[in-house]
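Below you'll find the structure, written out as C-alpha cells, and then a few comments.
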Amino acid sequence: MVLKRVLAFAFIASTAVYAATFDVTFSTAGHDVPPTLYGLMFEDINHVRSGDGGLYAELIQNRAFQTVTPGTSAALTAWAALGSAKISVVKSSSPVSSALPNALSFAVASGTTSTVGFTNSGYFGIPVTAGWTYTGSFYYRTPSPPATKVSGSFTADLRSTGGTVFTSATVPFTTSSTWQQATFTFTASSTQTSVENLFALSVGGSTVAGLTMEFTLISLFPPTFNGRENGFRMDLSETLLDMKPAFFRFPGGNNLEGETAADRWAWENTVGDLVDRPGRVGDWGYINTDGLGLYEYLQWIEDMGMEPIMAVYAGYSLNGASVASSGMQTYITEAINQINFVIGDASTNAQAAIRASMGHADPFTLNYIEIGNEDFFSPTTYADYRWADLYNALHAEFPQLHYIATSATSGNVPTLSPTPTYWDLHIYSNPNFFINGAFNFDILSRNGLQFFQGEYATTTENSGAALTYPFIDGSIAEAAYMAGFDRNSDIVFAASYAPLLNHVSSTQWTPDLITFSPNTVIRSTSYYVQQLYSLYKGDFYLQSTTNTASSPVQWSITRDTSAGQYFLKVINTATSANTVVFTLPFTPSHTTGTGTILTAPSGTQNTPTSPNAAVPSTFSFTAGKTITYNAPGLSLSVLVVTE
Ligand code: LX5
C-alpha cells in the first residue's frame, strides 16, 4: 500500500507581531451557515479496523475465512482449537455460497471423550458487559455424515483465556451434509474488566468422535446502536452522535479505490445476505468482511440523523493505473446502479428492489456524490475523460444530485470539463500550516464554486515529529483554520477531519480523531474541537472585524436564529493569554453568559493511559454590549450570548 501525500496549499504567510488585546466589532450582516458544514469522513483504515472490529459491531474476527489461503496458519487468524480437536481452514467441497468458498474444518478423533471445540479471540479482545444479550449464529455441516444421524448440542459461550465461562447457550445440532444455520443468544450477568476474553463453541467429544464438521460465518453481536441487526457499536456511535455531525463521507478515501480496479470497493458485493458477501482485501492491507456494507452504512447514517456524502469509483486505483476510456462504461453503470440502490424506486428498479428486500422500501436521503478520491494523482485521465464520462452520465440520470470533484490545492486542479461546482480538498500538515492558512478560503473568488474540506488534520508537530495522538497545539491550530470554515461558509459547504478511528492495539495511520479498544473510547483533543464547532455551528455567520493569518488569535461569530443565541468562538494558538474585546450590535438580555473552553498545556494529548488529559469545561462570563474575554494560551472558547 503506497501512501500518497497531498501538497500543502498555503496562500498567506504573515509574520506580523500582534498586541495582546483584539477589538472585535460585529454586525448583524452575514450569510447563512450551511447545515452540512461539519461532519465525518470515514473509511476502513487502520489495521485493526475502524470498520470491522470498530464501528461494525461484529465481535468475531475472521468469521468467514474470506480471502484467506486455506491450510495456512494466517487463515486461522483469531481461531484456536479447544481440547484435542484439529482445526484448519479448508476450501469447502460444497461451500455455503459461491461468495464464501472457505470453511473451518473441525476434526475429532475417534475415541475422543473430553470436550472439544474451538475459540475466537475477537478483534484484540471481546468485551463482557453485564446485561448485554449477545446474538450469535453460525453455519455448519458434516461433509461425510454418519449413516445414522448424530444429534447433540454445542455450547456457545464467552469465557476468560483461563477458561472461566461467563455466559453460555446450548445450540442443538444434527449431522447433515447440507449447510444449516444455527442461532443462539446469551446474556452476561457481570462485567469483566479485562477484554482478553474468548468466544468458544464446544461439544462433548464422545458425541462427535470420529467426525469432521465444517463451520463458517460464525458471528456474535453485542447489542447494537438502535438495536439494528448486523449493526454498529453503541459506544462509538454515541461518541460520534455527541458531535452532532451533519454528514458522513464514505466509503473512502483510499479504501474506495483498490490496489487495482478489480480490488476496488464494489457496492454490489457489500449488499444482500451476509453469505453472499465475498469480502475483499481493503486498501490498508487487511481484509474487509463487507458485513459493513452499503445498506448498513445508509441505515446507520439515517439513524444518526446525518446525510451521506457517497463516493463512486472513478476509474483510478492505488497502483497508479487508470481505467482506459473504452473501459469506463462498466464503472459508469456500476455507479448508476449504486445510486439507484440508494434512491431508486423499488417498484421499478432492480437495485432499489434489493434495498427494499433488505428492509428499507423508501429511498434513503442522498444529495452529494463524490466522483472518486484524490483523482488528481492521475490528473490527465481525470481531466481527459474520467470526470466527464461519469459526471455527464450521472447528471443525466440524477440531475437533482450534487457531484463533487476531487482536487489538489484550491480547486480546479486539474481543470475539468464540465466545470465542477463542488470540489473536495485534502490537507495534512503541521500546526503552523493551519495557523498560517486560516484565511486560505477568504481569498477565493465567489464564482459559484463550493468547497468540501473532505480531509484535514495536523499530522506532525512543527518540528516534523510524527504524532500518535492529536495534541492540543495541533488541535487549536485546526480550530484557527476552522474559523475560516465558519467565515467562508458561503463557499465552504462541508468539512471533516480525517482519519476518524483507530484501534489501540495496532494502527496504520495516526493521528486519528477517536481511538478505541474493545470496551473503551478515547476522545482526542481534536475530537473536542470538532465537537465544539459542530455543536455551536449556528445557522447564520455574522461579519466582524477580521484578523489576519498567522495571528495567534482568531474568532468567529455565528447565530442560532431560532434560539436567539450567538456563539462567539475565540481561538488562541499562542501559549500565553490574549484578550478579545467584543462589541455587540445589541445589548444581551442576560448580564451573564455561559461558555465552554478546551485548553491544556502545550503537548497535552488524550491517550489510553490519560484519556481525559484535556476535556472541555464550562465557565460563566459577564455579558453586555461589550464583552471582554481573556483567552488562555492554547485554547478554543465558545461564549454563548442570549439576545
Ligand atoms: C490519505 C488520503 C487518510 C488517507 C486518502 C485517505 O485519510 O484515504 O484520501 O491517504 S494517503 O495519504 O495515502 O493518500
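Labeling convention for the C-alpha cells: chains A, B, ... as they appear, residues from 1 per chain, ligands from 1 in order of appearance.
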Checklist entry - What do you get as a ChimeraX atom specification if you pick all residues at most 10 Å from ligand 1, counting only C-alpha atoms and all ligand atoms? => result /A:1-6,41-46,251-257,283-284,318,372-375,377,406,425-428,454-457,497-500,508-512
Next on the checklist: I want to know what sits within 7 Å of region 294-304 of chain A, based on only C-alpha atoms, with residues of the same chain fewer than 5 positions away left out; could you give that as a list in words?
Outcome noted: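 Here the qualifying residues turn out to be Gly231, Leu241, Phe248, Trp267, Thr270 and Val271 of chain A.
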Item to check | DSSP alpha helix (DSSP H) residues within region 175-282 of chain A, as an MDAnalysis selection string | outcome: chainID A and resid 205:208 234:241
Requested write-out: N, CA, C and O atoms of the selected residues, as an mmCIF file, in the first residue's frame:
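This is the output file part_23.cif:
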data_model
loop_
_atom_site.group_PDB
_atom_site.id
_atom_site.type_symbol
_atom_site.label_atom_id
_atom_site.label_comp_id
_atom_site.auth_asym_id
_atom_site.auth_seq_id
_atom_site.Cartn_x
_atom_site.Cartn_y
_atom_site.Cartn_z
ATOM 1 N N GLY A 205 -16.844 -34.634 23.463
ATOM 2 C CA GLY A 205 -16.055 -35.380 22.478
ATOM 3 C C GLY A 205 -16.749 -36.643 22.008
ATOM 4 O O GLY A 205 -16.775 -36.964 20.818
ATOM 5 N N SER A 206 -17.389 -37.311 22.915
ATOM 6 C CA SER A 206 -17.983 -38.612 22.547
ATOM 7 C C SER A 206 -19.119 -38.422 21.544
ATOM 8 O O SER A 206 -19.388 -39.287 20.706
ATOM 9 N N THR A 207 -19.770 -37.272 21.561
ATOM 10 C CA THR A 207 -20.889 -37.019 20.635
ATOM 11 C C THR A 207 -20.387 -36.951 19.197
ATOM 12 O O THR A 207 -21.051 -37.406 18.264
ATOM 13 N N VAL A 208 -19.187 -36.386 19.001
ATOM 14 C CA VAL A 208 -18.716 -36.162 17.626
ATOM 15 C C VAL A 208 -17.421 -36.919 17.311
ATOM 16 O O VAL A 208 -16.767 -36.645 16.311
ATOM 17 N N MET A 234 -22.424 0.526 19.847
ATOM 18 C CA MET A 234 -23.197 1.585 20.524
ATOM 19 C C MET A 234 -22.289 2.712 21.000
ATOM 20 O O MET A 234 -22.538 3.890 20.739
ATOM 21 N N ASP A 235 -21.181 2.353 21.687
ATOM 22 C CA ASP A 235 -20.370 3.409 22.305
ATOM 23 C C ASP A 235 -19.709 4.301 21.259
ATOM 24 O O ASP A 235 -19.681 5.527 21.394
ATOM 25 N N LEU A 236 -19.249 3.700 20.153
ATOM 26 C CA LEU A 236 -18.642 4.532 19.110
ATOM 27 C C LEU A 236 -19.706 5.386 18.431
ATOM 28 O O LEU A 236 -19.500 6.565 18.166
ATOM 29 N N SER A 237 -20.883 4.794 18.205
ATOM 30 C CA SER A 237 -21.963 5.574 17.574
ATOM 31 C C SER A 237 -22.353 6.749 18.467
ATOM 32 O O SER A 237 -22.511 7.871 17.992
ATOM 33 N N GLU A 238 -22.461 6.491 19.770
ATOM 34 C CA GLU A 238 -22.864 7.573 20.679
ATOM 35 C C GLU A 238 -21.774 8.647 20.772
ATOM 36 O O GLU A 238 -22.068 9.839 20.839
ATOM 37 N N THR A 239 -20.517 8.215 20.711
ATOM 38 C CA THR A 239 -19.418 9.193 20.737
ATOM 39 C C THR A 239 -19.502 10.105 19.507
ATOM 40 O O THR A 239 -19.323 11.314 19.595
ATOM 41 N N LEU A 240 -19.831 9.516 18.361
ATOM 42 C CA LEU A 240 -19.959 10.313 17.129
ATOM 43 C C LEU A 240 -21.221 11.172 17.189
ATOM 44 O O LEU A 240 -21.213 12.336 16.797
ATOM 45 N N LEU A 241 -22.290 10.607 17.739
ATOM 46 C CA LEU A 241 -23.550 11.362 17.841
ATOM 47 C C LEU A 241 -23.353 12.614 18.702
ATOM 48 O O LEU A 241 -23.944 13.657 18.441
#
Within 6 Å of region 172-179 of chain A, which residues of region 122-160 of chain A show up? Give each one with its shortest atom-to-atom distance in Å (one decimal) and the two atoms involved, counting only C-alpha atoms, rows by chain then rising residue number, as a Markdown table.
| residue | atom | partner | partner_atom | distance |
| --- | --- | --- | --- | --- |
| A:Tyr140 | CA | A:Trp179 | CA | 5.5 |
| A:Arg141 | CA | A:Trp179 | CA | 4.8 |
| A:Thr142 | CA | A:Ser177 | CA | 4.8 |
| A:Pro143 | CA | A:Ser177 | CA | 4.8 |
| A:Pro145 | CA | A:Ser176 | CA | 5.6 |
| A:Lys149 | CA | A:Thr175 | CA | 5.6 |
| A:Val150 | CA | A:Thr175 | CA | 5.4 |
| A:Ser151 | CA | A:Thr174 | CA | 4.2 |
| A:Gly152 | CA | A:Phe173 | CA | 5.5 |
| A:Ser153 | CA | A:Pro172 | CA | 4.0 |
Next on the checklist: Here is a test: counting only C-alpha atoms, which residue of A:Gln181, A:Thr642, A:Asn367, A:Ser534 is nearest to Arg559 (chain A)?
Outcome noted: A:Thr642
Checklist entry - Nearest to Leu513 (chain A) among A:Gln543, A:Thr459, A:Asn120, A:Ser407, with distances taken over only C-alpha atoms: which residue is it? => result A:Thr459
Next on the checklist: Can you pull out the residues contacting region 321-338 of chain A? Cut-off 7 Å, using only C-alpha atoms, and skip same-chain residues under 6 positions away; I want them as a ChimeraX atom specification.
Outcome noted: /A:267,312-313,315,351,381,385,390,394
Output file for the residues above (all heavy atoms, as a PDB file, in the first residue's frame):
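out_16.pdb, freshly written:
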ATOM      1  N   TRP A 267     -19.893  -1.795  -4.608  1.00  0.00           N
ATOM      2  CA  TRP A 267     -21.095  -1.762  -3.747  1.00  0.00           C
ATOM      3  C   TRP A 267     -21.870  -3.065  -3.796  1.00  0.00           C
ATOM      4  O   TRP A 267     -22.379  -3.554  -2.772  1.00  0.00           O
ATOM      5  CB  TRP A 267     -21.990  -0.587  -4.155  1.00  0.00           C
ATOM      6  CG  TRP A 267     -22.768  -0.816  -5.409  1.00  0.00           C
ATOM      7  CD1 TRP A 267     -22.353  -0.585  -6.697  1.00  0.00           C
ATOM      8  CD2 TRP A 267     -24.073  -1.385  -5.507  1.00  0.00           C
ATOM      9  NE1 TRP A 267     -23.327  -0.978  -7.582  1.00  0.00           N
ATOM     10  CE2 TRP A 267     -24.390  -1.453  -6.884  1.00  0.00           C
ATOM     11  CE3 TRP A 267     -24.996  -1.839  -4.568  1.00  0.00           C
ATOM     12  CZ2 TRP A 267     -25.613  -1.962  -7.334  1.00  0.00           C
ATOM     13  CZ3 TRP A 267     -26.219  -2.349  -5.011  1.00  0.00           C
ATOM     14  CH2 TRP A 267     -26.518  -2.402  -6.384  1.00  0.00           C
ATOM     15  N   VAL A 312     -18.283   7.306  -5.518  1.00  0.00           N
ATOM     16  CA  VAL A 312     -18.347   6.247  -6.526  1.00  0.00           C
ATOM     17  C   VAL A 312     -16.945   6.103  -7.120  1.00  0.00           C
ATOM     18  O   VAL A 312     -16.196   7.088  -7.204  1.00  0.00           O
ATOM     19  CB  VAL A 312     -19.369   6.556  -7.639  1.00  0.00           C
ATOM     20  CG1 VAL A 312     -20.789   6.584  -7.079  1.00  0.00           C
ATOM     21  CG2 VAL A 312     -19.056   7.863  -8.353  1.00  0.00           C
ATOM     22  N   TYR A 313     -16.625   4.880  -7.527  1.00  0.00           N
ATOM     23  CA  TYR A 313     -15.308   4.614  -8.096  1.00  0.00           C
ATOM     24  C   TYR A 313     -15.183   5.356  -9.416  1.00  0.00           C
ATOM     25  O   TYR A 313     -16.103   5.341 -10.245  1.00  0.00           O
ATOM     26  CB  TYR A 313     -15.133   3.108  -8.310  1.00  0.00           C
ATOM     27  CG  TYR A 313     -13.815   2.709  -8.934  1.00  0.00           C
ATOM     28  CD1 TYR A 313     -12.620   2.834  -8.228  1.00  0.00           C
ATOM     29  CD2 TYR A 313     -13.767   2.213 -10.235  1.00  0.00           C
ATOM     30  CE1 TYR A 313     -11.401   2.480  -8.805  1.00  0.00           C
ATOM     31  CE2 TYR A 313     -12.557   1.852 -10.823  1.00  0.00           C
ATOM     32  CZ  TYR A 313     -11.385   1.988 -10.098  1.00  0.00           C
ATOM     33  OH  TYR A 313     -10.173   1.652 -10.683  1.00  0.00           O
ATOM     34  N   GLY A 315     -12.440   5.075 -11.631  1.00  0.00           N
ATOM     35  CA  GLY A 315     -11.535   4.525 -12.638  1.00  0.00           C
ATOM     36  C   GLY A 315     -10.067   4.749 -12.365  1.00  0.00           C
ATOM     37  O   GLY A 315      -9.237   4.608 -13.278  1.00  0.00           O
ATOM     38  N   GLN A 351     -32.063  -2.526  -8.521  1.00  0.00           N
ATOM     39  CA  GLN A 351     -31.137  -2.263  -7.415  1.00  0.00           C
ATOM     40  C   GLN A 351     -31.908  -1.755  -6.189  1.00  0.00           C
ATOM     41  O   GLN A 351     -31.652  -2.152  -5.061  1.00  0.00           O
ATOM     42  CB  GLN A 351     -30.073  -1.240  -7.827  1.00  0.00           C
ATOM     43  CG  GLN A 351     -29.044  -1.769  -8.818  1.00  0.00           C
ATOM     44  CD  GLN A 351     -29.610  -1.906 -10.222  1.00  0.00           C
ATOM     45  OE1 GLN A 351     -30.374  -1.063 -10.669  1.00  0.00           O
ATOM     46  NE2 GLN A 351     -29.263  -2.986 -10.905  1.00  0.00           N
ATOM     47  N   THR A 381      -5.960  11.609 -16.931  1.00  0.00           N
ATOM     48  CA  THR A 381      -7.121  10.773 -17.281  1.00  0.00           C
ATOM     49  C   THR A 381      -8.394  11.323 -16.628  1.00  0.00           C
ATOM     50  O   THR A 381      -9.475  11.224 -17.188  1.00  0.00           O
ATOM     51  CB  THR A 381      -6.894   9.316 -16.818  1.00  0.00           C
ATOM     52  OG1 THR A 381      -6.662   9.320 -15.407  1.00  0.00           O
ATOM     53  CG2 THR A 381      -5.734   8.686 -17.547  1.00  0.00           C
ATOM     54  N   TYR A 385     -11.133  12.272 -19.548  1.00  0.00           N
ATOM     55  CA  TYR A 385     -12.374  11.529 -19.770  1.00  0.00           C
ATOM     56  C   TYR A 385     -13.040  11.022 -18.492  1.00  0.00           C
ATOM     57  O   TYR A 385     -14.271  10.936 -18.415  1.00  0.00           O
ATOM     58  CB  TYR A 385     -12.136  10.336 -20.726  1.00  0.00           C
ATOM     59  CG  TYR A 385     -11.124   9.334 -20.256  1.00  0.00           C
ATOM     60  CD1 TYR A 385     -11.500   8.259 -19.460  1.00  0.00           C
ATOM     61  CD2 TYR A 385      -9.763   9.459 -20.592  1.00  0.00           C
ATOM     62  CE1 TYR A 385     -10.569   7.321 -19.023  1.00  0.00           C
ATOM     63  CE2 TYR A 385      -8.819   8.535 -20.148  1.00  0.00           C
ATOM     64  CZ  TYR A 385      -9.229   7.461 -19.375  1.00  0.00           C
ATOM     65  OH  TYR A 385      -8.289   6.549 -18.948  1.00  0.00           O
ATOM     66  N   LEU A 390     -18.181  10.175 -16.160  1.00  0.00           N
ATOM     67  CA  LEU A 390     -19.039   9.878 -15.004  1.00  0.00           C
ATOM     68  C   LEU A 390     -20.019  11.020 -14.748  1.00  0.00           C
ATOM     69  O   LEU A 390     -21.224  10.797 -14.581  1.00  0.00           O
ATOM     70  CB  LEU A 390     -18.179   9.598 -13.774  1.00  0.00           C
ATOM     71  CG  LEU A 390     -17.653   8.165 -13.693  1.00  0.00           C
ATOM     72  CD1 LEU A 390     -16.401   8.058 -12.846  1.00  0.00           C
ATOM     73  CD2 LEU A 390     -18.746   7.250 -13.126  1.00  0.00           C
ATOM     74  N   LEU A 394     -24.007  10.467 -14.913  1.00  0.00           N
ATOM     75  CA  LEU A 394     -24.749  10.501 -13.645  1.00  0.00           C
ATOM     76  C   LEU A 394     -25.674  11.716 -13.589  1.00  0.00           C
ATOM     77  O   LEU A 394     -26.826  11.623 -13.134  1.00  0.00           O
ATOM     78  CB  LEU A 394     -23.768  10.525 -12.468  1.00  0.00           C
ATOM     79  CG  LEU A 394     -22.860   9.297 -12.320  1.00  0.00           C
ATOM     80  CD1 LEU A 394     -21.989   9.423 -11.067  1.00  0.00           C
ATOM     81  CD2 LEU A 394     -23.675   8.009 -12.274  1.00  0.00           C
TER      82      LEU A 394
END
